[in-house]
Amino acid sequence: MISKKVRKLILAQEGWTRRMFEEGLKLKRVYGENNVYDFSLGNPEIEPPKEVKESMIELLKEEKKGMHRYMENSGYEYVRAEIANYLTQKYGLPFTPKHVFMSVGCAGGLNVVLKSILDRGDEVIIPTPFFWEFKNYVENYGGKVVLAETKDDFQLDVNRIESLITPKTKAILLNSPNNPTGVVYGEGVLRDLSSLLLQKRKEGRMIYIVSDDAYRKIVYDNFELPNLFSLYDLVISVTSHSKDLALPGERIGYIAVSPKIEWIDLLVSAFMIASRALGFVNAPAFFQRLICRFQNNSVDVGEYQEKRDILYGALTQAGFECVKPMGAFYMFPKSPIKNELQFVRELQKERILVVPGRGFGKKGYFRIAYCVPKETILASLEGFRRVARKFIKGG
């Protein structure tokens with residue numbers, strides 16, 4: 001038998017996912033792998049940059065002893081120093097190695113942060129739509145998720161966030177560029193959020209912004225992400241190299257704490273205890289040594305932008321309503337019928353697999369992960385058009 005809590009989670013969120021997965025397997029058995037257009041998972045098909053692979057080989061050939069032993073929980077100091085130097089140059093603040101904590105990917109880092117800052121009953125405000133696992137992360141440590149609807153363009157609704165803040169609010173959890181929408185939160189709205197939280201500070205409420213920055217280097221049209229560290233003081237950023245260096249299976253990332261936070265030593269001590277309690281102990285030694293060399297590098301974002309443009313252009317021309325993604329590799333069109341589950345089933349008849357919006361807290365939409373070969377996108381377009389002609393007037 002399994003725990004009642006996990007059983008509840010399975011029934012609440014895994015039922016439809018499992019059915020979709022099984023449907024995909026059936027389709028692939030009937031039509032063949034290449035004739036099913038699977039946009040369900042954010043699992044990049046792009047390979048790591050050539051220089052990253054070459055550096056892996058170089059590191060493996062090094063004969064230094066102790067390269068695969070434990071180190072301090074926060075990671076190798078020289079690795080953290082390299083990253084701190086990068087952060088200082090990028091954000092214009094005096095980051096030092098103690099402001100960097102190496103983590104087992106972004107998910108591991110977020111769990112370490114939330115375990116460190118939450119007491120039972122504390123509330124975390126999350127703008128919707130959102131990556132569903134955030135809910136599990138918060139509730140793992142007795143926290144309560146408070147969902148804040150975004151505006152029609154999926155930008156933050158600061159007035160709505162203000163209405164949801166209570167004496168129990170401990171953090172706002174942001175994800176920009178966003179999964180599932182691809183939206184990047186603008187500097188103006190982030191400045192308004194900062195002003196709101198500083199006003200609440202005067203009322204005695206210390207509220208963190210915890211930022212999931214997994215997609216921060218996947219940004220299009222030469223758009224410059226706002227410098228959140230300069231806009232607000234209590235910022236904890238968590239990032240990984242799953243997307244920017246195409247290393248999702250290696251689970252390597254880091255937590256960056258704003259130098260403006262005065263209780264940094266206490267916070268890092270909490271991270272250490274939380275990391276050990278969660279069983280991480282430390283981030284993978286080999287990949288710590290690797291990624292510190294590539295803080296200024298990324299996969300070719302132009303490939304993702306080309307795929308975005310092809311897909312967005314075709315879908316909007318067919319009549320779909322969709323906010324144009326400015327980052328990440330997701331698109332979140334509006335379902336032309338109210339029940340997006342029914343619409344997802346119609347797409348499956350065209351051998352197109354997408355994820356219903358309710359899996360991200362937003363019914364009536366569906367997510368497309370376009371981190372697939374361009375050929376898959378091109379081959380799927382006629383199927384999208386056929387469904388559009390059926391359900392969209394003038395499609």
# chains A, B, ... in the order shown; residues from 1 in each chain; ligands from 1
>>> residues_around(residues="Phe320 of chain A", least_positions_apart="4", cutoff="12 Å", atoms="only C-alpha atoms", output="number ranges by chain")
A: 311-316, 324, 331-337, 365-366, 384-385, 387-389, 391-395
>>> closest_atom_pairs(of="segment 63-137 of chain A", to="segment 246-249 of chain A", cutoff="12 Å", atoms="only C-alpha atoms", output="JSON lines")
{"residue": "A:Val104", "atom": "CA", "partner": "A:Gly249", "partner_atom": "CA", "distance": 10.5}
{"residue": "A:Gly105", "atom": "CA", "partner": "A:Pro248", "partner_atom": "CA", "distance": 8.0}
{"residue": "A:Cys106", "atom": "CA", "partner": "A:Pro248", "partner_atom": "CA", "distance": 9.8}
{"residue": "A:Ala107", "atom": "CA", "partner": "A:Pro248", "partner_atom": "CA", "distance": 11.0}
>>> residues_around(residues="segment 286-290 of chain A", least_positions_apart="2", cutoff="8 Å", atoms="only C-alpha atoms", output="PyMOL selection string")
chain A and resi 52+55-56+59+67-68+75-76+79+102+250+252+283-284+292-294
>>> write_last_selection(atoms="N, CA and C atoms", output="compact mmCIF listing (two decimals), in the first residue's frame")
# COMPACT_ATOMS: atom_id res chain seq x y z
N VAL A 52 30.73 22.15 -24.71
CA VAL A 52 30.35 21.51 -23.45
C VAL A 52 30.73 20.04 -23.49
N SER A 55 34.44 19.67 -23.18
CA SER A 55 34.89 19.92 -21.82
C SER A 55 34.62 18.72 -20.91
N MET A 56 33.53 18.00 -21.17
CA MET A 56 33.25 16.78 -20.41
C MET A 56 34.41 15.78 -20.56
N LEU A 59 37.53 16.97 -18.69
CA LEU A 59 37.42 16.78 -17.25
C LEU A 59 37.58 15.32 -16.85
N MET A 67 38.23 13.84 -7.07
CA MET A 67 37.30 14.56 -7.92
C MET A 67 35.86 14.08 -7.79
N HIS A 68 35.68 12.92 -7.21
CA HIS A 68 34.33 12.37 -7.12
C HIS A 68 33.91 12.14 -5.66
N GLY A 75 28.52 23.07 -2.22
CA GLY A 75 29.24 22.89 -3.48
C GLY A 75 30.68 23.37 -3.40
N TYR A 76 31.46 23.06 -4.43
CA TYR A 76 32.85 23.50 -4.48
C TYR A 76 32.93 25.02 -4.40
N VAL A 79 33.83 26.74 -7.73
CA VAL A 79 32.69 26.73 -8.66
C VAL A 79 31.74 27.86 -8.30
N MET A 102 24.96 25.30 -4.76
CA MET A 102 24.77 24.37 -5.87
C MET A 102 23.64 23.39 -5.56
N GLU A 250 21.05 15.56 -16.29
CA GLU A 250 22.21 15.62 -15.39
C GLU A 250 21.89 16.29 -14.06
N ILE A 252 21.63 19.53 -12.69
CA ILE A 252 22.60 20.44 -12.10
C ILE A 252 22.09 21.89 -12.21
N ALA A 283 25.23 18.72 -4.83
CA ALA A 283 24.97 18.61 -6.26
C ALA A 283 26.05 17.72 -6.90
N PRO A 284 25.77 17.10 -8.06
CA PRO A 284 26.73 16.22 -8.71
C PRO A 284 28.10 16.88 -8.91
N CYS A 292 30.49 25.46 -14.35
CA CYS A 292 31.07 26.75 -13.95
C CYS A 292 31.85 27.38 -15.10
N ARG A 293 32.22 26.57 -16.09
CA ARG A 293 32.95 27.08 -17.25
C ARG A 293 32.03 27.73 -18.29
N PHE A 294 30.72 27.53 -18.14
CA PHE A 294 29.81 27.88 -19.23
C PHE A 294 28.66 28.78 -18.78
>>> residues_around(residues="Ala84 of chain A", least_positions_apart="4", cutoff="7 Å", atoms="only C-alpha atoms", output="ChimeraX atom specification")
/A:80,88,95-97,100
>>> residues_around(residues="Tyr370 of chain A", least_positions_apart="5", cutoff="8 Å", atoms="only C-alpha atoms", output="list in words")
Phe39, Gly42, Tyr304, Lys307, Arg308, Phe329, Tyr330, Met331 and Ile377 of chain A
>>> atom_distance(atom1="atom CA of Pro129 of chain A", atom2="atom CA of Lys362 of chain A")
5.5 Å
>>> atom_distance(atom1="atom CA of Val124 of chain A", atom2="atom CA of Val219 of chain A")
26.3 Å
